Every structure is written in structure tokens, then in C-alpha cells.
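Novice: A single structure is presented below for examination.
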Amino acid sequence: MTVKKSFLIFITAIIFLISNIQFAAAKNNGSPPPAPTGLTISNISTSSLTLSWSSVYGASGYYVYMASPNDANYTKIATVTSTKLIQSGLTSNTNYWFYVTAYNRYGTSANSIHITAATLPFTVPTTTKKQVLGFTTYYYSGDPSSYNSMAANTSTIDEIATQTYTTDSLGNISGLVPTNQISYANNSGIKTYAMLQNNFDGNIAKSVLENQTNRQKLETNLLNAIKVNGYKGVNVDLEGVFYYDRNYYTTFVQELYNLLTPQGFSVTLSVPAKTIDSTTNTWSGAYDYAVLAKYSDQIAIMTYDEHYPGGTAGPIASISWVENVVKYAITVIPREKIMLGVAAYGYDWSSNGTKAYGINGMYNIAATNSAAVLWDDISKSPYFNYTDTSGIAHSDWFENGQSLGYKLDLVNSYNLNGIAIWRLGLENADYWTSIKTKFNR
């Protein structure tokens with residue numbers, strides 16, 4: 001090969017390389033791509049929707065952002081190379097906002113337009129009747145509070161659980177049996193459960209649950225009690241169980257279920273509320289929702305006392321907290337077994353301690369102290385503040401018919417089985433009106 005021919009080949013290669021560089025520069029222009037256009041939302045359901053947009057020339061991919069319920073505080077939810085995204089796992093009847101950006105090696109584009117859409121509301125089948133369970137008390141012989149409430153609202157109540165039996169460390173049970181409540185309920189088509197408690201004492205629970213003899217003695221005593229007194233089943237409300245007794249508690253429920261179910265009796269549970277399953281949580285770690293659901297007919301989740309005596313003042317059950325509990329629960333418990341615990345009371349916090357009152361009692365405190373009852377729109381809760389005649393400041397939060405309505409909406413939208421009211425005798429007329437309206441009762 002001559003020198004002249006080699007030189008010509010070299011020049012040709014240089015020209016080709018320069019042309020490719022110029023083409024690439026013309027293609028990308030050394031800068032981020034323009035903002036995506038044509039952003040639309042389609043295929044909207046109760047829990048998902050589809051985002052689509054036009055392809056951007058020179059983009060390597062796209063970032064998708066979402067916010068709810070307002071056009072603020074966005075979170076990046078996806079990085080994709082296509083021009084479509086199906087977003088699932090959304091909450092029904094909720095407003096969502098979106099925008100998209102394009103990116104390449106030079107950077108990220110400006111935002112696309114912001115668009116919004118609301119997921120469809122969950123429609124409860126008209127044949128689905130939401131259940132109403134009322135916890136009842138019988139503090140002394142002749143105590144009429146819960147009985148009167150049940151008698152006044154018979155057509156709206158499906159079940160009662162009487163706060164009757166307490167176990168000791170050996171599995172013996174004792175309690176004042178409300179025969180008039182049981183008799184009235186059975187004659188009125190209201191299902192009756194005998195509640196079992198342990199005085200919130202983890203040591204009692206430990207002694208009973210960890211010892212097979214004590215555990216089985218408790219199970220036998222419960223079976224005999226419900227037979228003698230005409231109950232249709234039990235409601236196990238053992239609280240304060242140590243987290244390390246988790247497997248023992250589950251074993252007890254399983255054994256009780258296997259004992260009672262073949263004889264036609266129901267096993268229901270009352271369990272603490274939680275948003276995750278932390279097995280070492282001192283209050284809720286002992287309760288394995290997923291396994292317990294297999295050995296129970298119904299589970300009442302106690303979604304109240306978010307703020308409690310001894311703690312700081314605040315909502316009894318803020319709507320966001322309750323919904324987060326529900327969102328977790330439905331991942332491990334069949335919806336048709338979940339009863340949402342709802343409160344019919346409030347607390348008066350002060351430096352002198354905390355006192356509990358029924359709904360009308362809370363209104364009476366406000367009236368007596370010329371305190372205006374206010375509404376907290378974030379938690380969806382009523383509250384008021386006042387200073388008593390001794391100069392001591394009080395902070396009061398409670399539940400009423402209005403705040404209850406938001407919880408009933410959750411029962412409907414998440415298609416839960418119903419509600420469990422603590423307790424009959426504390427509620428007022430507006431409370432029942434809300435139930436009748438939301439549940440079409």
C-alpha cells in the first residue's frame with residue numbers, strides 16, 4: 001500500500017468519525033430531554049389506574065411521581081423505559097396526583113403537566129349486612145346501663161359480648177353473670193358471647209398460657225360456663241400478654257377453637273390494634289393476626305385508645321391511624337372476619353389525672369365549663385379545652401356520631417364485617433343514627 005493511499009484511508013476515517021459525533025450531538029444536543037407531553041389517566045378502578053404519555057425523543061427513560069390527596073408532597077413511584085404505567089394498590093375513593101419527567105445521561109427534563117384522578121368508591125353489595133357487636137358490662141347486681149341500651153337498639157344490634165369472666169393464674173374463672181342481658185339477647189335474636197379477660201395482667205396470662213394443665217382447665221371452664229348460661233360462644237380478650245408468649249397464646253386459641261367449634265359454639269377474639277407485625281412489641285407482639293384468623297370466627301380489632309389515660313391528650317382514634325390499622329389487617333385477616341373496634345366515650349386529661357366519660361358526659365363537661373366543642377379535621381375528632389375553678393387546665397377528646405361516621409365509611413369501603421362498640425350504655429342517639437345511616441339499618 002502506497003503512502004498516498006494510506007493517507008486517503010486515514011482522512012476518510014476521520015471524516016466518518018466527525019460525522020458520527022455531529023450526528024450524535026444533533027440528536028441529543030448535549031442536554032436533557034424536553035418534558036413529556038400527552039399525560040393521561042385511564043382504566044380507573046377502586047385500587048388501580050393506568051398512566052400514559054407521549055414518547056420523548058432522546059429520552060433514556062421516565063420518572064413517575066405521585067401525591068395524595070393534594071397537588072403537593074410528591075413521591076417518586078417508578079422508573080420506566082416505556083410510556084405507560086399501571087399503578088395498583090391504591091385506596092378506593094381517594095384523590096391522586098401525578099406527573100412525569102424524562103431523563104437521559106445529560107439530566108432530567110422539566111415536569112410534565114400535573115394531572116389528577118380519584119379512584120372509584122368501593123360499592124358494598126346490597127345483600128351484605130354489616131354486623132354490629134356491642135360489648136356490655138354488668139358492674140353490680142342490677143346495673144341497667146348496657147341492658148337499657150341493648151333494649152333501646154335491639155333492631156340495630158346483632159351480637160353482644162358480656163364483660164363477665166376473669167381468669168386467675170390457674171385457669172379458674174369468676175364473674176357476675178348478667179342473666180337478664182343473656183336472656184333478652186337470646187330471645188331477640190342477638191348472638192351472645194362470654195368475654196374472658198385477665199385484668200390486663202401479663203403474669204396471669206403467662207401462668208395460664210405456658211402451663212398445659214392450667215390452659216386446658218381454662219378451656220374446659222369456659223366451655224362449661226357458656227353451656228350453663230346459654231351463651232353462643234366466647235370472646236377472648238386477654239390483654240397485656242407478654243410478646244414472648246405469642247406462640248402460647250396462639251396455642252390456647254387453637255385449642256379453644258378445636259374444643260368449641262365441633263359443639264356448635266363460636267370463638268371470637270378482641271386484639272390490640274397494630275399497623276405492622278412487630279413480634280417484640282410489648283403491647284401487640286403476642287397477637288399473630290394471620291394465624292389467629294385461622295382459629296377464630298371473628299376478630300374485633302380494638303382501634304381505640306390511640307391516646308389513653310396516663311399518656312398525652314389526643315384523639316381517641318384518629319382516622320388516619322384507624323385506616324392504617326385496617327390496611328395492615330386486611331393483608332392477613334379475611335375481611336369477613338374483621339370487626340372494627342369503635343369507641344363511645346372520651347377522656348378528660350388534666351394534671352390531676354385522666355377520667356373517662358360517655359358521649360353525653362363529655363358534652364355535659366363542656367357545657368358546665370362553658371367550653372366550645374371544636375372539630376379537628378385532621379383526626380376527624382371532636383375536642384374541647386377548659387380551665388376548671390381551681391385553675392387547672394383540661395384537654396378533652398372524645399368520639400361522637402360524626403367521628404363514628406368516618407370509621408363506618410372505612411368499614412364500608414374496605415368491606416369489613418362490621419363494628420364492635422365499647423361499650424353499650426356510653427353512646428347517645430346521634431351515635432346510633434350514624435350507624436343506621438351508614439349501614440342502611
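Ligands are numbered from 1 in the order shown, residues from 1 within each chain, and chains are lettered A, B, ... in the order they appear in the C-alpha cells.
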Write out as number ranges by chain which residues come within 10 Å of A:Val411 when counting only C-alpha atoms, dropping same-chain ones fewer than 4 positions away.
Specialist: A: 124, 130, 323, 326, 335, 338-340, 405-407, 415-419, 438-439
Novice: What lies within 6 Å of stretch 343-353 of chain A using only C-alpha atoms, ignoring chain neighbours under 3 positions off, as an MDAnalysis selection string?
Specialist: chainID A and resid 356:359 394:399 421:422 426:427
Novice: Rounded to one decimal, what separation in Å do you get between atom CA of A:Ile226 and atom CA of A:Met195?
Specialist: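 Between atom CA of A:Ile226 and atom CA of A:Met195 the gap works out to 10.1 Å.
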Novice: Compile the contact shell of A:Leu218 as a list in words: residues with an atom at most 9 Å away, counting only C-alpha atoms, same-chain residues fewer than 5 positions apart removed.
Specialist: Thr167, Leu170, Gly171, Asn172, Ile173, Val208, Thr213 and Leu223 of chain A
Novice: How would the residues just chosen look if you wrote them out with N, CA, C and O atoms as a tab-separated table (two decimals), in the first residue's frame?
Specialist:
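Written out: out_20.tsv:
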```tsv
chain	number	residue	atom	x	y	z
A	167	THR	N	-60.00	-14.77	84.40
A	167	THR	CA	-59.25	-15.97	84.76
A	167	THR	C	-58.19	-15.63	85.79
A	167	THR	O	-57.63	-14.53	85.80
A	170	LEU	N	-54.41	-20.01	87.48
A	170	LEU	CA	-54.57	-21.47	87.38
A	170	LEU	C	-55.64	-21.87	86.36
A	170	LEU	O	-55.85	-23.06	86.13
A	171	GLY	N	-56.33	-20.89	85.78
A	171	GLY	CA	-57.37	-21.22	84.80
A	171	GLY	C	-58.76	-21.27	85.38
A	171	GLY	O	-59.71	-21.67	84.70
A	172	ASN	N	-58.91	-20.86	86.66
A	172	ASN	CA	-60.25	-20.74	87.24
A	172	ASN	C	-60.88	-19.44	86.75
A	172	ASN	O	-60.19	-18.43	86.60
A	173	ILE	N	-62.18	-19.45	86.51
A	173	ILE	CA	-62.85	-18.23	86.04
A	173	ILE	C	-63.92	-17.81	87.04
A	173	ILE	O	-64.53	-18.63	87.72
A	208	VAL	N	-51.15	-19.05	82.95
A	208	VAL	CA	-52.17	-19.89	82.33
A	208	VAL	C	-51.70	-20.44	81.00
A	208	VAL	O	-51.80	-21.65	80.74
A	213	THR	N	-51.64	-27.76	81.75
A	213	THR	CA	-52.72	-28.13	82.65
A	213	THR	C	-53.64	-26.95	82.94
A	213	THR	O	-54.87	-27.05	82.87
A	223	LEU	N	-65.98	-23.67	78.41
A	223	LEU	CA	-67.00	-24.49	77.75
A	223	LEU	C	-68.18	-24.73	78.68
A	223	LEU	O	-69.34	-24.58	78.28
```
Novice: Find the residues near A:Asn428: any atom within 12 Å, counting only C-alpha atoms, skip ones fewer than 3 places away on the same chain, and give them as a PDB file with N, CA and C atoms, in the first residue's frame.
Specialist:
```pdb
ATOM      1  N   SER A 149     -79.471   0.032  76.899  1.00  0.00           N
ATOM      2  CA  SER A 149     -79.011   0.387  75.567  1.00  0.00           C
ATOM      3  C   SER A 149     -79.358  -0.700  74.562  1.00  0.00           C
ATOM      4  N   ALA A 152     -83.070  -0.655  73.809  1.00  0.00           N
ATOM      5  CA  ALA A 152     -83.473   0.507  73.010  1.00  0.00           C
ATOM      6  C   ALA A 152     -83.021   0.408  71.558  1.00  0.00           C
ATOM      7  N   ASN A 153     -82.036  -0.445  71.299  1.00  0.00           N
ATOM      8  CA  ASN A 153     -81.471  -0.515  69.944  1.00  0.00           C
ATOM      9  C   ASN A 153     -81.431  -1.952  69.425  1.00  0.00           C
ATOM     10  N   ALA A 343     -65.143   3.366  69.628  1.00  0.00           N
ATOM     11  CA  ALA A 343     -65.358   3.855  70.993  1.00  0.00           C
ATOM     12  C   ALA A 343     -66.628   4.687  71.077  1.00  0.00           C
ATOM     13  N   ALA A 344     -67.238   4.681  72.266  1.00  0.00           N
ATOM     14  CA  ALA A 344     -68.407   5.531  72.537  1.00  0.00           C
ATOM     15  C   ALA A 344     -68.128   6.321  73.808  1.00  0.00           C
ATOM     16  N   TYR A 345     -66.937   6.880  73.895  1.00  0.00           N
ATOM     17  CA  TYR A 345     -66.525   7.574  75.118  1.00  0.00           C
ATOM     18  C   TYR A 345     -65.442   8.602  74.804  1.00  0.00           C
ATOM     19  N   GLY A 358     -68.880   8.835  79.110  1.00  0.00           N
ATOM     20  CA  GLY A 358     -69.649   8.542  77.914  1.00  0.00           C
ATOM     21  C   GLY A 358     -69.812   9.794  77.073  1.00  0.00           C
ATOM     22  N   ILE A 359     -70.419   9.647  75.912  1.00  0.00           N
ATOM     23  CA  ILE A 359     -70.532  10.776  74.981  1.00  0.00           C
ATOM     24  C   ILE A 359     -71.310  11.933  75.603  1.00  0.00           C
ATOM     25  N   ASN A 360     -72.484  11.659  76.165  1.00  0.00           N
ATOM     26  CA  ASN A 360     -73.248  12.745  76.775  1.00  0.00           C
ATOM     27  C   ASN A 360     -72.514  13.336  77.969  1.00  0.00           C
ATOM     28  N   GLY A 361     -71.752  12.508  78.654  1.00  0.00           N
ATOM     29  CA  GLY A 361     -70.941  13.011  79.758  1.00  0.00           C
ATOM     30  C   GLY A 361     -69.917  14.029  79.290  1.00  0.00           C
ATOM     31  N   MET A 362     -69.338  13.796  78.127  1.00  0.00           N
ATOM     32  CA  MET A 362     -68.366  14.749  77.582  1.00  0.00           C
ATOM     33  C   MET A 362     -69.044  16.075  77.236  1.00  0.00           C
ATOM     34  N   TYR A 363     -70.212  15.991  76.615  1.00  0.00           N
ATOM     35  CA  TYR A 363     -70.940  17.225  76.286  1.00  0.00           C
ATOM     36  C   TYR A 363     -71.340  17.979  77.557  1.00  0.00           C
ATOM     37  N   GLU A 399     -65.288  10.594  71.123  1.00  0.00           N
ATOM     38  CA  GLU A 399     -65.936  10.131  69.897  1.00  0.00           C
ATOM     39  C   GLU A 399     -67.407  10.499  69.950  1.00  0.00           C
ATOM     40  N   ASN A 400     -67.988  10.767  68.790  1.00  0.00           N
ATOM     41  CA  ASN A 400     -69.422  11.030  68.722  1.00  0.00           C
ATOM     42  C   ASN A 400     -69.974  10.497  67.401  1.00  0.00           C
ATOM     43  N   GLY A 401     -71.212  10.802  67.109  1.00  0.00           N
ATOM     44  CA  GLY A 401     -71.810  10.298  65.882  1.00  0.00           C
ATOM     45  C   GLY A 401     -71.079  10.733  64.635  1.00  0.00           C
ATOM     46  N   GLN A 402     -70.571  11.964  64.637  1.00  0.00           N
ATOM     47  CA  GLN A 402     -69.866  12.472  63.459  1.00  0.00           C
ATOM     48  C   GLN A 402     -68.543  11.747  63.253  1.00  0.00           C
ATOM     49  N   LEU A 404     -67.707   8.873  64.431  1.00  0.00           N
ATOM     50  CA  LEU A 404     -68.009   7.479  64.138  1.00  0.00           C
ATOM     51  C   LEU A 404     -68.305   7.278  62.661  1.00  0.00           C
ATOM     52  N   ARG A 423     -68.623   0.941  74.867  1.00  0.00           N
ATOM     53  CA  ARG A 423     -69.468  -0.170  75.186  1.00  0.00           C
ATOM     54  C   ARG A 423     -70.905   0.299  75.152  1.00  0.00           C
ATOM     55  N   LEU A 424     -71.877  -0.633  75.227  1.00  0.00           N
ATOM     56  CA  LEU A 424     -73.287  -0.252  75.272  1.00  0.00           C
ATOM     57  C   LEU A 424     -73.581   0.451  76.597  1.00  0.00           C
ATOM     58  N   GLY A 425     -74.249   1.618  76.482  1.00  0.00           N
ATOM     59  CA  GLY A 425     -74.559   2.416  77.656  1.00  0.00           C
ATOM     60  C   GLY A 425     -73.786   3.715  77.703  1.00  0.00           C
ATOM     61  N   TYR A 431     -75.121   8.772  67.833  1.00  0.00           N
ATOM     62  CA  TYR A 431     -74.241   7.645  67.565  1.00  0.00           C
ATOM     63  C   TYR A 431     -74.992   6.550  66.808  1.00  0.00           C
ATOM     64  N   TRP A 432     -76.187   6.245  67.290  1.00  0.00           N
ATOM     65  CA  TRP A 432     -76.989   5.205  66.639  1.00  0.00           C
ATOM     66  C   TRP A 432     -77.535   5.669  65.296  1.00  0.00           C
ATOM     67  N   THR A 433     -77.832   6.937  65.191  1.00  0.00           N
ATOM     68  CA  THR A 433     -78.293   7.472  63.904  1.00  0.00           C
ATOM     69  C   THR A 433     -77.225   7.292  62.843  1.00  0.00           C
ATOM     70  N   SER A 434     -75.974   7.531  63.216  1.00  0.00           N
ATOM     71  CA  SER A 434     -74.870   7.365  62.282  1.00  0.00           C
ATOM     72  C   SER A 434     -74.763   5.915  61.824  1.00  0.00           C
ATOM     73  N   ILE A 435     -74.908   4.977  62.752  1.00  0.00           N
ATOM     74  CA  ILE A 435     -74.845   3.559  62.390  1.00  0.00           C
ATOM     75  C   ILE A 435     -75.971   3.194  61.441  1.00  0.00           C
TER      76      ILE A 435
END
```
Novice: In terms of the shortest atom-to-atom distance over only C-alpha atoms, which of A:Val291, A:Ala429, A:Ala420, A:Ala317 is closest to A:Ile378?
Specialist: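 With only C-alpha atoms as the atom set, the closest residue is A:Ala317.
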